Structures are given as structure tokens and as C-alpha cells.
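Source file structure.cif; content: mmCIF, C-alpha atoms (C1' of nucleotides).
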```
data_coords
loop_
_atom_site.label_atom_id
_atom_site.label_comp_id
_atom_site.auth_asym_id
_atom_site.auth_seq_id
_atom_site.Cartn_x
_atom_site.Cartn_y
_atom_site.Cartn_z
CA MET A 1 107.94 86.48 139.98
CA SER A 2 105.61 87.93 137.37
CA GLN A 3 108.67 89.65 135.93
CA SER A 4 110.46 86.39 135.32
CA VAL A 5 107.33 84.97 133.73
CA ALA A 6 107.19 87.97 131.43
CA LEU A 7 110.83 87.50 130.48
CA GLN A 8 110.16 83.86 129.83
CA HIS A 9 107.50 84.77 127.31
CA GLU A 10 109.35 87.61 125.66
CA PRO A 11 111.01 85.68 122.83
CA GLN A 12 107.68 84.19 121.85
CA THR A 13 105.82 87.49 121.71
CA HIS A 14 108.79 89.09 120.01
CA ASN A 15 108.70 86.54 117.21
CA ARG A 16 104.94 86.77 116.93
CA ALA A 17 105.22 90.51 116.52
CA ARG A 18 107.92 90.14 113.88
CA LEU A 19 105.77 87.71 111.92
CA VAL A 20 102.79 90.05 112.00
CA ALA A 21 104.93 93.02 111.01
CA ALA A 22 106.45 91.14 108.08
CA ALA A 23 103.05 89.86 106.97
CA THR A 24 101.57 93.36 107.13
CA GLU A 25 104.27 94.80 104.89
CA SER A 26 104.07 91.98 102.37
CA PHE A 27 100.27 91.82 102.27
CA ALA A 28 100.21 95.58 101.73
CA SER A 29 102.70 95.73 98.90
CA ARG A 30 102.12 92.44 97.07
CA GLY A 31 98.71 91.35 98.28
CA PHE A 32 97.64 88.41 100.43
CA HIS A 33 97.58 85.75 97.70
CA ALA A 34 100.90 86.85 96.21
CA THR A 35 102.54 86.58 99.62
CA THR A 36 103.86 83.15 100.60
CA THR A 37 104.33 81.88 104.11
CA ARG A 38 108.02 81.66 103.20
CA ASP A 39 108.03 85.40 102.43
CA ILE A 40 106.60 86.16 105.85
CA SER A 41 108.74 83.77 107.86
CA THR A 42 112.07 84.58 106.24
CA ALA A 43 111.40 88.31 106.50
CA ALA A 44 110.87 87.70 110.20
CA GLY A 45 114.14 85.73 110.39
CA MET A 46 112.62 82.29 110.78
CA SER A 47 112.01 79.15 108.78
CA GLN A 48 108.81 78.70 106.84
CA ALA A 49 107.34 76.18 109.26
CA ALA A 50 107.87 78.47 112.26
CA LEU A 51 104.83 80.49 111.31
CA TYR A 52 102.57 77.54 112.13
CA VAL A 53 103.81 77.37 115.70
CA HIS A 54 102.29 80.80 116.31
CA TYR A 55 99.33 80.91 113.94
CA PRO A 56 97.13 78.13 112.55
CA SER A 57 97.09 79.50 109.00
CA LYS A 58 98.11 82.38 106.76
CA GLU A 59 94.51 83.59 106.72
CA ASP A 60 94.50 83.80 110.51
CA VAL A 61 97.43 86.20 110.34
CA LEU A 62 95.48 88.36 107.90
CA TYR A 63 92.46 88.28 110.20
CA LEU A 64 94.53 89.30 113.21
CA ILE A 65 96.04 92.20 111.28
CA CYS A 66 92.68 93.47 110.04
CA ARG A 67 90.82 93.13 113.31
CA THR A 68 93.41 94.64 115.62
CA GLY A 69 94.17 97.38 113.09
CA LEU A 70 90.56 98.47 112.73
CA GLU A 71 89.99 98.32 116.47
CA GLU A 72 93.03 100.51 117.03
CA LEU A 73 91.61 102.95 114.48
CA LEU A 74 88.25 102.94 116.22
CA GLY A 75 90.05 103.67 119.46
CA VAL A 76 91.72 106.83 118.21
CA MET A 77 88.47 107.97 116.60
CA ASP A 78 86.54 107.48 119.83
CA GLN A 79 89.22 109.26 121.79
CA ALA A 80 89.15 112.20 119.38
CA ARG A 81 85.38 112.50 119.60
CA ASP A 82 84.78 112.16 123.32
CA GLY A 83 84.01 115.29 125.29
CA ILE A 84 83.71 117.65 122.32
CA ASP A 85 80.41 119.52 122.20
CA ASP A 86 80.63 121.63 119.05
CA ALA A 87 79.60 119.59 116.01
CA GLY A 88 82.18 121.16 113.71
CA ASP A 89 85.00 120.66 116.19
CA ARG A 90 83.96 117.09 116.83
CA LEU A 91 83.82 116.09 113.18
CA ALA A 92 87.10 117.87 112.47
CA ARG A 93 88.80 116.08 115.35
CA ILE A 94 87.52 112.68 114.23
CA ALA A 95 88.63 113.41 110.69
CA ARG A 96 92.05 114.53 111.86
CA ALA A 97 92.57 111.38 113.88
CA PHE A 98 91.41 109.29 110.93
CA ALA A 99 93.88 110.97 108.58
CA VAL A 100 96.79 110.79 111.01
CA TRP A 101 96.25 107.09 111.57
CA HIS A 102 96.11 106.34 107.83
CA ALA A 103 99.21 108.41 107.10
CA GLN A 104 101.12 106.80 109.96
CA HIS A 105 100.06 103.20 109.30
CA THR A 106 99.92 103.01 105.53
CA ALA A 107 100.72 99.30 105.25
CA LEU A 108 98.31 98.30 107.99
CA ALA A 109 95.58 100.50 106.52
CA LYS A 110 96.04 99.07 103.04
CA VAL A 111 95.71 95.50 104.34
CA ALA A 112 92.67 96.29 106.47
CA ASN A 113 90.93 97.96 103.55
CA TYR A 114 91.95 96.19 100.36
CA GLU A 115 92.70 92.54 101.28
CA LEU A 116 89.39 91.69 102.88
CA SER A 117 88.24 89.36 100.10
CA ALA A 118 90.78 86.80 101.33
CA LEU A 119 89.10 86.47 104.74
CA THR A 120 86.95 83.47 105.61
CA ALA A 121 83.20 84.07 105.83
CA GLU A 122 83.23 84.10 109.63
CA HIS A 123 86.21 86.39 109.93
CA TRP A 124 84.73 88.73 107.34
CA LEU A 125 81.63 89.15 109.52
CA VAL A 126 83.76 90.36 112.43
CA VAL A 127 85.80 92.72 110.28
CA ARG A 128 82.70 94.04 108.56
CA ASP A 129 81.30 94.93 111.98
CA CYS A 130 84.42 96.98 112.73
CA ARG A 131 83.95 98.81 109.46
CA HIS A 132 80.30 99.52 110.26
CA ARG A 133 81.28 100.99 113.60
CA ILE A 134 83.74 103.30 111.85
CA GLU A 135 81.04 104.36 109.42
CA ARG A 136 78.64 104.95 112.28
CA CYS A 137 81.15 107.12 114.12
CA PHE A 138 81.42 109.47 111.14
CA ARG A 139 77.73 109.38 110.27
CA GLN A 140 76.58 110.14 113.80
CA ALA A 141 78.92 113.12 113.93
CA ILE A 142 77.48 114.35 110.64
CA GLU A 143 73.85 113.82 111.61
CA ALA A 144 74.36 115.51 114.97
CA GLY A 145 75.66 118.56 113.13
CA MET A 146 72.68 118.46 110.76
CA GLN A 147 70.24 118.47 113.68
CA GLN A 148 72.04 121.43 115.22
CA GLY A 149 71.75 123.27 111.91
CA ALA A 150 75.53 123.43 111.59
CA PHE A 151 75.81 121.04 108.63
CA THR A 152 73.85 120.71 105.41
CA VAL A 153 74.27 117.54 103.37
CA VAL A 154 72.15 115.88 100.71
CA ASP A 155 72.62 112.37 102.08
CA SER A 156 74.51 111.53 105.24
CA HIS A 157 75.26 107.98 104.10
CA MET A 158 76.79 109.00 100.80
CA THR A 159 78.71 111.82 102.45
CA THR A 160 80.04 109.35 105.01
CA PHE A 161 81.18 107.01 102.24
CA SER A 162 83.00 109.87 100.54
CA ILE A 163 84.72 111.03 103.70
CA ILE A 164 85.92 107.50 104.44
CA SER A 165 87.06 107.02 100.84
CA MET A 166 89.12 110.20 100.94
CA GLY A 167 90.66 109.23 104.25
CA THR A 168 91.45 105.59 103.63
CA ASP A 169 93.03 106.39 100.29
CA ILE A 170 95.58 108.56 102.10
CA ALA A 171 97.27 105.26 102.96
CA ARG A 172 97.72 104.57 99.24
CA TRP A 173 99.26 107.88 98.18
CA TYR A 174 100.96 109.28 101.31
CA ARG A 175 104.75 109.05 101.48
CA SER A 176 106.49 110.02 104.71
CA ASP A 177 109.47 111.22 102.64
CA GLY A 178 107.28 113.28 100.33
CA SER A 179 106.14 116.89 100.19
CA TRP A 180 103.77 116.87 103.12
CA THR A 181 104.01 116.12 106.82
CA VAL A 182 101.39 114.01 108.55
CA ASP A 183 100.02 117.15 110.18
CA GLU A 184 99.67 118.98 106.88
CA VAL A 185 97.75 116.08 105.38
CA ALA A 186 95.54 115.79 108.45
CA ASP A 187 94.81 119.53 108.52
CA HIS A 188 93.90 119.61 104.86
CA TYR A 189 91.78 116.50 105.17
CA ALA A 190 89.84 117.89 108.14
CA ALA A 191 89.26 121.12 106.23
CA MET A 192 87.95 119.22 103.22
CA VAL A 193 85.65 117.15 105.42
CA LEU A 194 84.17 120.33 106.86
CA ARG A 195 83.62 121.69 103.36
CA LEU A 196 81.75 118.52 102.45
CA VAL A 197 79.20 119.11 105.21
CA THR A 198 78.87 122.86 104.75
CA ASP A 199 76.61 124.53 102.21
CA PRO A 200 78.74 127.15 100.38
CA ALA A 201 75.66 129.26 99.62
CA GLY A 202 74.51 129.38 103.22
CA ALA A 203 77.66 130.33 105.11
CA SER A 204 76.99 132.13 108.36
CA MET B 1 83.41 90.41 50.79
CA SER B 2 84.51 92.29 53.84
CA GLN B 3 81.30 91.15 55.42
CA SER B 4 82.21 87.50 55.03
CA VAL B 5 85.64 88.21 56.47
CA ALA B 6 83.96 89.85 59.46
CA LEU B 7 81.72 86.85 59.93
CA GLN B 8 84.70 84.59 59.68
CA HIS B 9 86.35 86.41 62.57
CA GLU B 10 83.27 86.77 64.72
CA PRO B 11 83.63 83.59 66.79
CA GLN B 12 87.20 84.51 67.63
CA THR B 13 86.41 88.04 68.78
CA HIS B 14 83.32 86.75 70.54
CA ASN B 15 85.34 84.30 72.60
CA ARG B 16 88.01 86.87 73.30
CA ALA B 17 85.36 89.23 74.63
CA ARG B 18 83.85 86.49 76.79
CA LEU B 19 87.26 85.70 78.28
CA VAL B 20 87.91 89.35 79.11
CA ALA B 21 84.45 89.76 80.60
CA ALA B 22 84.85 86.66 82.77
CA ALA B 23 88.32 87.72 83.87
CA THR B 24 87.10 91.21 84.78
CA GLU B 25 84.35 89.85 87.01
CA SER B 26 86.61 87.33 88.73
CA PHE B 27 89.55 89.70 89.19
CA ALA B 28 87.15 92.24 90.70
CA SER B 29 85.48 89.94 93.18
CA ARG B 30 88.25 87.53 94.15
CA GLY B 31 91.41 89.35 93.07
CA PHE B 32 93.95 88.56 90.36
CA HIS B 33 96.01 86.00 92.28
CA ALA B 34 92.96 84.18 93.65
CA THR B 35 91.58 83.81 90.14
CA THR B 36 92.78 80.78 88.20
CA THR B 37 92.91 80.46 84.44
CA ARG B 38 90.34 77.69 84.87
CA ASP B 39 87.96 80.14 86.55
CA ILE B 40 88.24 82.48 83.61
CA SER B 41 88.03 79.89 80.84
CA THR B 42 85.18 77.84 82.24
CA ALA B 43 83.17 80.98 83.03
CA ALA B 44 83.62 81.85 79.36
CA GLY B 45 82.49 78.36 78.35
CA MET B 46 85.89 77.05 77.28
CA SER B 47 88.57 74.68 78.46
CA GLN B 48 91.43 75.98 80.58
CA ALA B 49 93.98 75.83 77.78
CA ALA B 50 91.80 77.84 75.38
CA LEU B 51 92.80 81.07 77.12
CA TYR B 52 96.35 80.68 75.82
CA VAL B 53 95.19 80.68 72.21
CA HIS B 54 93.99 84.25 72.66
CA TYR B 55 96.35 85.68 75.27
CA PRO B 56 99.94 84.82 76.14
CA SER B 57 99.40 84.89 79.89
CA LYS B 58 96.96 85.67 82.66
CA GLU B 59 98.84 88.89 83.39
CA ASP B 60 98.34 90.02 79.79
CA VAL B 61 94.60 89.74 80.28
CA LEU B 62 94.86 91.91 83.38
CA TYR B 63 96.94 94.45 81.48
CA LEU B 64 94.43 94.60 78.63
CA ILE B 65 91.56 95.14 81.08
CA CYS B 66 93.36 97.92 82.97
CA ARG B 67 94.65 99.77 79.92
CA THR B 68 91.48 99.72 77.83
CA GLY B 69 89.37 100.48 80.90
CA LEU B 70 91.36 103.53 81.90
CA GLU B 71 91.51 104.80 78.32
CA GLU B 72 87.76 104.48 78.05
CA LEU B 73 87.43 106.46 81.28
CA LEU B 74 89.78 109.13 79.96
CA GLY B 75 87.62 109.31 76.83
CA VAL B 76 84.43 110.10 78.71
CA MET B 77 86.26 112.62 80.89
CA ASP B 78 87.69 114.42 77.85
CA GLN B 79 84.32 114.41 76.17
CA ALA B 80 82.67 115.88 79.26
CA ARG B 81 85.25 118.64 79.51
CA ASP B 82 85.54 119.77 75.92
CA GLY B 83 83.85 123.02 74.93
CA ILE B 84 82.81 124.09 78.42
CA ASP B 85 84.06 127.55 79.39
CA ASP B 86 82.81 128.07 82.94
CA ALA B 87 85.23 126.51 85.43
CA GLY B 88 82.50 125.29 87.77
CA ASP B 89 80.48 123.72 84.97
CA ARG B 90 83.55 122.09 83.53
CA LEU B 91 84.68 120.51 86.79
CA ALA B 92 81.14 119.41 87.59
CA ARG B 93 80.77 117.77 84.18
CA ILE B 94 84.07 115.94 84.49
CA ALA B 95 83.12 114.78 87.98
CA ARG B 96 79.71 113.64 86.79
CA ALA B 97 81.22 111.60 83.96
CA PHE B 98 83.76 110.12 86.37
CA ALA B 99 81.05 109.05 88.81
CA VAL B 100 78.75 107.65 86.12
CA TRP B 101 81.54 105.55 84.68
CA HIS B 102 82.52 104.14 88.07
CA ALA B 103 78.91 103.34 89.00
CA GLN B 104 78.26 101.70 85.64
CA HIS B 105 81.49 99.70 85.44
CA THR B 106 82.11 98.67 89.03
CA ALA B 107 83.99 95.44 88.23
CA LEU B 108 86.18 97.06 85.60
CA ALA B 109 86.90 100.01 87.86
CA LYS B 110 87.85 97.79 90.78
CA VAL B 111 90.32 95.85 88.65
CA ALA B 112 91.85 98.97 87.12
CA ASN B 113 92.32 100.51 90.56
CA TYR B 114 93.05 97.76 93.04
CA GLU B 115 94.79 94.93 91.13
CA LEU B 116 97.68 96.95 89.71
CA SER B 117 100.35 95.33 91.88
CA ALA B 118 100.03 92.17 89.78
CA LEU B 119 101.15 93.95 86.60
CA THR B 120 104.67 93.47 85.24
CA ALA B 121 107.02 96.43 85.56
CA GLU B 122 106.63 97.44 81.91
CA HIS B 123 102.85 97.17 81.91
CA TRP B 124 102.66 99.10 85.14
CA LEU B 125 104.48 102.02 83.51
CA VAL B 126 101.82 102.24 80.79
CA VAL B 127 98.94 101.99 83.24
CA ARG B 128 100.55 104.51 85.55
CA ASP B 129 100.67 106.96 82.66
CA CYS B 130 96.91 106.54 82.14
CA ARG B 131 96.37 107.29 85.81
CA HIS B 132 98.55 110.38 85.61
CA ARG B 133 96.50 111.66 82.69
CA ILE B 134 93.31 111.21 84.71
CA GLU B 135 94.88 113.10 87.61
CA ARG B 136 95.99 115.85 85.26
CA CYS B 137 92.50 116.22 83.80
CA PHE B 138 91.04 116.89 87.26
CA ARG B 139 93.94 119.03 88.43
CA GLN B 140 93.93 121.26 85.37
CA ALA B 141 90.21 121.85 85.78
CA ILE B 142 90.81 122.80 89.41
CA GLU B 143 93.76 125.08 88.72
CA ALA B 144 91.92 126.81 85.89
CA GLY B 145 89.14 127.64 88.32
CA MET B 146 91.64 128.90 90.87
CA GLN B 147 93.18 131.28 88.33
CA GLN B 148 89.73 132.59 87.44
CA GLY B 149 89.05 133.15 91.13
CA ALA B 150 86.15 130.72 91.09
CA PHE B 151 87.84 128.08 93.26
CA THR B 152 89.82 128.30 96.48
CA VAL B 153 91.81 125.25 97.55
CA VAL B 154 94.76 124.79 99.88
CA ASP B 155 96.60 122.38 97.61
CA SER B 156 95.42 121.36 94.15
CA HIS B 157 97.34 118.07 94.24
CA MET B 158 95.85 116.90 97.51
CA THR B 159 92.39 118.05 96.49
CA THR B 160 92.78 116.11 93.24
CA PHE B 161 93.74 112.98 95.16
CA SER B 162 90.68 113.35 97.37
CA ILE B 163 88.32 113.86 94.45
CA ILE B 164 89.67 110.79 92.70
CA SER B 165 89.52 108.72 95.90
CA MET B 166 85.88 109.65 96.43
CA GLY B 167 85.03 108.81 92.85
CA THR B 168 86.91 105.56 92.40
CA ASP B 169 85.54 104.20 95.65
CA ILE B 170 82.01 104.53 94.22
CA ALA B 171 82.84 101.32 92.35
CA ARG B 172 83.34 99.56 95.69
CA TRP B 173 80.10 100.58 97.41
CA TYR B 174 77.62 101.27 94.62
CA ARG B 175 74.93 98.65 94.00
CA SER B 176 72.68 99.05 90.96
CA ASP B 177 69.86 97.40 92.96
CA GLY B 178 70.38 99.66 95.96
CA SER B 179 68.86 102.91 97.17
CA TRP B 180 70.34 105.25 94.57
CA THR B 181 70.28 105.54 90.81
CA VAL B 182 73.46 106.23 88.87
CA ASP B 183 72.23 109.77 88.26
CA GLU B 184 71.61 110.42 91.94
CA VAL B 185 75.11 109.26 92.82
CA ALA B 186 76.65 111.32 90.04
CA ASP B 187 74.71 114.44 91.02
CA HIS B 188 75.71 114.14 94.66
CA TYR B 189 79.31 113.43 93.76
CA ALA B 190 79.53 116.47 91.47
CA ALA B 191 78.01 118.64 94.21
CA MET B 192 80.56 117.36 96.75
CA VAL B 193 83.41 118.01 94.33
CA LEU B 194 82.26 121.61 93.93
CA ARG B 195 82.12 122.00 97.70
CA LEU B 196 85.70 120.75 97.94
CA VAL B 197 86.93 123.59 95.71
CA THR B 198 84.74 126.32 97.17
CA ASP B 199 85.59 128.31 100.28
CA PRO B 200 82.46 128.27 102.51
CA ALA B 201 83.45 131.58 104.11
CA GLY B 202 83.89 133.40 100.84
CA ALA B 203 80.76 132.48 98.92
CA SER B 204 79.76 135.04 96.31
"C1'" DG C 1 90.91 77.08 67.57
"C1'" DT C 2 89.48 73.87 70.75
"C1'" DC C 3 90.21 69.96 73.18
"C1'" DT C 4 92.65 66.40 76.59
"C1'" DA C 5 96.71 65.39 78.81
"C1'" DT C 6 100.74 66.63 80.97
"C1'" DA C 7 105.15 68.97 82.28
"C1'" DT C 8 106.98 71.82 85.73
"C1'" DC C 9 106.86 74.28 89.54
"C1'" DC C 10 105.52 76.12 93.94
"C1'" DC C 11 102.43 76.68 97.80
"C1'" DG C 12 100.24 75.73 102.47
"C1'" DA C 13 100.45 72.79 106.02
"C1'" DT C 14 102.33 68.71 108.68
"C1'" DA C 15 105.79 65.26 110.74
"C1'" DG C 16 109.35 64.43 113.56
"C1'" DA C 17 114.19 65.31 115.28
"C1'" DC C 18 116.40 68.30 118.56
"C1'" DG D 1 109.77 76.54 119.68
"C1'" DT D 2 112.68 76.05 115.97
"C1'" DC D 3 114.50 73.46 112.57
"C1'" DT D 4 114.75 70.22 108.08
"C1'" DA D 5 112.21 67.42 105.16
"C1'" DT D 6 108.18 66.27 102.88
"C1'" DC D 7 103.29 65.41 101.68
"C1'" DG D 8 99.44 66.52 98.94
"C1'" DG D 9 97.35 69.57 96.06
"C1'" DG D 10 96.81 72.89 92.55
"C1'" DA D 11 98.72 76.53 89.77
"C1'" DT D 12 100.45 78.29 84.94
"C1'" DA D 13 101.73 77.16 80.68
"C1'" DT D 14 102.76 73.76 76.88
"C1'" DA D 15 102.27 69.54 73.69
"C1'" DG D 16 99.91 67.27 70.46
"C1'" DA D 17 95.52 65.13 68.56
"C1'" DC D 18 91.53 66.60 65.98
#
```

If you convert what's in this file into C-alpha cells, what do you get?
Amino acid sequence: MSQSVALQHEPQTHNRARLVAAATESFASRGFHATTTRDISTAAGMSQAALYVHYPSKEDVLYLICRTGLEELLGVMDQARDGIDDAGDRLARIARAFAVWHAQHTALAKVANYELSALTAEHWLVVRDCRHRIERCFRQAIEAGMQQGAFTVVDSHMTTFSIISMGTDIARWYRSDGSWTVDEVADHYAAMVLRLVTDPAGAS
Amino acid sequence: MSQSVALQHEPQTHNRARLVAAATESFASRGFHATTTRDISTAAGMSQAALYVHYPSKEDVLYLICRTGLEELLGVMDQARDGIDDAGDRLARIARAFAVWHAQHTALAKVANYELSALTAEHWLVVRDCRHRIERCFRQAIEAGMQQGAFTVVDSHMTTFSIISMGTDIARWYRSDGSWTVDEVADHYAAMVLRLVTDPAGAS
DNA sequence: GTCTATATCCCGATAGAC
DNA sequence: GTCTATCGGGATATAGAC
């Protein structure tokens, strides 16, 4: 019974997913305002008006992409952190997850980071909260390591900004057909993050 | 004589400068495609059509902003580098100049880094070359230090990307009325850059 | 060089048939 | 839910008076 209901809804969710996927790619490469609803719909194999059956506006599609993307990112960061006691291990694992996600979802990451000025005021508040939680995840890992004496940083906020900048920008320069694998990028990124929180003069 | 000629041209150059300044601010905060030529012209105190007396198109204004901005940045980086022998000092001075410029020209830096997809193909080639020269400046400073044995990095290209990401993103989070002065940001950034190229385990 | 007025085009969103 | 057709608005760029 529930199976037949699911089958009944499949075409709808399938088309919704195609619209979101097409919008993500176009927003990432051309930008939100340079993308037309015709671009999105035709890339998803539908007419222009079909978009409005599934979403009330183009901006709502952007909001959905940003919110679900950042919450997915927060999920992998939380999962990487949980249950790890050592401060260095914990920060390295969070950093690794952060880098992997940005290398694997370059279009989604670009939209969720560089198209936010097109959001409405209310939607921006929600997305900003997601971003603050990501910041907090990194900063708490750094400050925990400082209290344990494992890390030495001048300013945990500025260090957090720098770590996030390095990681999010992976989505702008990483190419899956390039010189590096996702793992190589993630390993190097995690190593650089650890250097940022370690005093070179005071190595143990 | 030449003075009177200069005076004769002053209103023209004055209005051109006002248009570019208004466009830079609007492109930075709202984005190129969300900015109308009316936004630019009226912010500069002129009618909408006046823009086309000075520039052939809105995209040409963007191109001018990006090209002159990046060449100015290259200028301060070259000036910071020249005549410094020690690899650590040289990289730190380049980094410092990079951070100062991004903290002092946040709107210009945002446009020159995040609005490039709106450029025409030909203009993009020129701007891309400026960006490659900036990359090369950092990378050469890093590789020189590696050859001297002062720096240890896994991959000079990826480290260069990370340093540039950290620095350009200053333009997105720095507030001149916030907690830090430009000098504090630049000092911390230069220190983080040096950590990125220094092996914590092998400190001298 | 600056203005007002306008040509030309295209976009987001809606209406209504099927 | 998807389509075709269209409305209403606003964009860039140009024309022509001053």
C-alpha cells in the first residue's frame, strides 16, 4: 500500500530533484541573476512554467539549495567530530570531512557560499545561522585544543575564518579530472589546518 | 597651458571616477547582474544614459574595475617583495601587503574575485592572466624558500591556493569598524602564512 | 556631455486548456 | 502536473534635443 503511494509520487519527486540539480549547476557557473527560469526548466527537460508547479519562485529554489546543502555539510562535520577525544585528531577529522565535501560538491558549495546576496532577508537569516553553526564547529574544536595546550593560536576567530576560507575555496579550484584526488586534497588540507593551530617554535 | 587643459578635462575624469566608484560598491554588495545601469548612474549623480558617454557597456565597467584592481594589487605585492633576500621575510612581506590591500579595498577585492563570470571571454583572458601572475608571485616566494631549506610544504601549488583563499576572503569578512585594525589582520595573516610553509616537527 | 524619451528585448510569474 | 500563451514590468542601449 505504502509502496504504491511511493510509486505514485515518484515522478513528482524525480522532476523536483532534476530542477534542483539543474538550478544548482547553473547558479554555480553563471550566478543566480544570470540564470533564467527557462535555463533551469529546459535543462531539467521541462517547460519554463513547470518550475512554478514545484516551487513558488526562483529565489525559493536558491534557498532550498543553500539550506539543505549547508545542513548536509554540518551533518558530515558533526559525524566526523563525534566520539574523538584527541584535539588534534578531532580537528583533523573535521577538516578532512569539510574538504571532502567541498571537493565532491563543488557546484553546491559555490552556490551556498557565493550566491547568498540573492536570498530574501528572512531566508538569509536561516542560512546565516547554518553558517554560524559551521563556524562554531571549527572554533570549538580549536578552542578545546588550546585549553588542552595542544594548539597555540593568536585569535581563534580569525584562525577559524582562515580555515573556512581555505576549505570553501576548494570548491572553486578543485577539478575531479585534475592532478589531485579528493583524498589527496583532503589530506593536504587537514595537514595545513593542523599547521595553522600549531606553534612552529614550540613543537613537542 | 597644460594646466588649463587639465582643468578642462577635470569634470570628465571626475564623473568617470564617480561612475567606477559607484559601480564597484554596487557590484560588490549586490552583484553585477543585480546592479542596473540606473543604480550606477544615479549613485554617481547622473542620469542613466550618462554612463554610455563614458563607457560602451556595463560589462566594460566591470572589466575596468577588475583589471585595474588586480594590477594595483600586483603592484603592491611586487613592491613588498623587491630587495628582500631572506625567504621568510620576503613571503611575510608579500602576505602582509596582500592582506592590507584586501582589508583596505574590500569592495574592489570582492568584485575582482567573485564577479568574474560576468566578463566576456576576451576580457576574462586578460583578468585570468592577472590572477596567474598573483599566483606566481606567491608560488615563487614559496619555492625559493623550499630550495633554501627554509620552507617545507607538501605541494607548492595547493599551498599557494590556500594562501590566496585565506587572503582574498579577508575582503568578505573584514569590517573597518570591527574588532581588528588592518595591521592586526595583516600581522596575523602573515604569521599564518609562515606556519603554512613551516614544518612544525622540524623547527630549527 | 548631459538630459529626456524611447526602441528592443527578455525575464519572472500567471492563466487556462488538457 | 505539464503544456502553450501571455501579462506586466524592467533591463540595456540608443536617438535626438540642448

Just need the residues of chain A within 6 Å of chain B, counting only C-alpha atoms, so spit them out as a compact mmCIF listing (two decimals) with C-alpha atoms, keeping the file's coordinate frame.
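Result file selection_35.txt:
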```txt
# COMPACT_ATOMS: atom_id res chain seq x y z
CA HIS A 33 97.58 85.75 97.70
CA SER A 162 83.00 109.87 100.54
CA SER A 165 87.06 107.02 100.84
CA MET A 166 89.12 110.20 100.94
CA MET A 192 87.95 119.22 103.22
CA ARG A 195 83.62 121.69 103.36
CA LEU A 196 81.75 118.52 102.45
CA PRO A 200 78.74 127.15 100.38
CA ALA A 203 77.66 130.33 105.11
```

Inset, instruction - Could you please determine the separation between atom CA of B:Leu70 and atom CA of B:Asn113 in Å, to one decimal place? - result: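 Interatomic distance, atom CA of B:Leu70 to atom CA of B:Asn113: 9.2 Å.
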
Legend entry - Given only C-alpha atoms (C1' of nucleotides) as the counted atoms, nearest of A:Phe27, A:Ala21, A:Leu51, A:Asn15 to C:DG12: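 Answer, going by the shortest atom-to-atom distance: A:Leu51.
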
Inset, instruction - Please determine the contact residues of chain D with respect to chain A at a cut-off of 10 Å, counting all atoms listed in the file, and supply them as a list in words. - result: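 Therefore, the residues near the partner are DG1, DT2, DC3 and DT4 of chain D.
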
Inset, instruction - Evaluate the PyMOL selection byres ((chain D and resi 14) around 8) here and jot the selected residues down as a ChimeraX atom specification. - result: /C:7 /D:13,15

With C-alpha atoms (C1' of nucleotides) retained, write the just-selected residues as a PDB file, keeping the file's coordinate frame.
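Here's the written file again_4.pdb:
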```
ATOM      1  C1'  DA C   7     105.150  68.970  82.280  1.00  0.00           C
TER       2       DA C   7
ATOM      3  C1'  DA D  13     101.730  77.160  80.680  1.00  0.00           C
ATOM      4  C1'  DA D  15     102.270  69.540  73.690  1.00  0.00           C
TER       5       DA D  15
END
```

Residues in the PyMOL selection byres ((chain A) within 10 of (chain C)), expressed as a JSON list (two decimals) with C-alpha atoms, in the coordinates of the input:
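Okay, this is what ended up in out-v5.json:
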```
[["chain", "number", "residue", "atom", "x", "y", "z"],
["A", 36, "THR", "CA", 103.86, 83.15, 100.60],
["A", 37, "THR", "CA", 104.33, 81.88, 104.11],
["A", 38, "ARG", "CA", 108.02, 81.66, 103.20],
["A", 49, "ALA", "CA", 107.34, 76.18, 109.26],
["A", 52, "TYR", "CA", 102.57, 77.54, 112.13],
["A", 56, "PRO", "CA", 97.13, 78.13, 112.55],
["A", 57, "SER", "CA", 97.09, 79.50, 109.00],
["A", 58, "LYS", "CA", 98.11, 82.38, 106.76]]
```

With N, CA, C and O atoms as the target, complete stretch 105-116 of chain A and hand it back as a tab-separated table (two decimals), in the coordinates of the input.
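rebuild.tsv, written as the output of this step:
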```
chain	number	residue	atom	x	y	z
A	105	HIS	N	100.11	104.67	109.40
A	105	HIS	CA	100.06	103.20	109.30
A	105	HIS	C	99.61	102.80	107.91
A	105	HIS	O	98.59	102.12	107.74
A	106	THR	N	100.38	103.23	106.91
A	106	THR	CA	99.92	103.01	105.53
A	106	THR	C	99.81	101.53	105.19
A	106	THR	O	98.83	101.10	104.56
A	107	ALA	N	100.78	100.72	105.59
A	107	ALA	CA	100.72	99.30	105.25
A	107	ALA	C	99.54	98.63	105.95
A	107	ALA	O	98.75	97.92	105.31
A	108	LEU	N	99.42	98.87	107.23
A	108	LEU	CA	98.31	98.30	107.99
A	108	LEU	C	96.97	98.73	107.42
A	108	LEU	O	96.05	97.91	107.25
A	109	ALA	N	96.85	99.99	107.07
A	109	ALA	CA	95.58	100.50	106.52
A	109	ALA	C	95.27	99.87	105.18
A	109	ALA	O	94.11	99.53	104.89
A	110	LYS	N	96.30	99.68	104.35
A	110	LYS	CA	96.04	99.07	103.04
A	110	LYS	C	95.54	97.64	103.21
A	110	LYS	O	94.60	97.22	102.53
A	111	VAL	N	96.15	96.87	104.12
A	111	VAL	CA	95.71	95.50	104.34
A	111	VAL	C	94.27	95.47	104.85
A	111	VAL	O	93.43	94.72	104.35
A	112	ALA	N	93.98	96.31	105.83
A	112	ALA	CA	92.67	96.29	106.47
A	112	ALA	C	91.57	96.82	105.55
A	112	ALA	O	90.38	96.71	105.89
A	113	ASN	N	91.94	97.41	104.44
A	113	ASN	CA	90.93	97.96	103.55
A	113	ASN	C	90.84	97.25	102.20
A	113	ASN	O	89.79	97.27	101.58
A	114	TYR	N	91.95	96.69	101.74
A	114	TYR	CA	91.95	96.19	100.36
A	114	TYR	C	92.25	94.70	100.25
A	114	TYR	O	92.35	94.19	99.14
A	115	GLU	N	92.43	93.99	101.34
A	115	GLU	CA	92.70	92.54	101.28
A	115	GLU	C	91.60	91.73	101.93
A	115	GLU	O	91.79	90.54	102.22
A	116	LEU	N	90.45	92.34	102.11
A	116	LEU	CA	89.39	91.69	102.88
A	116	LEU	C	88.75	90.52	102.16
A	116	LEU	O	88.13	89.66	102.79
```
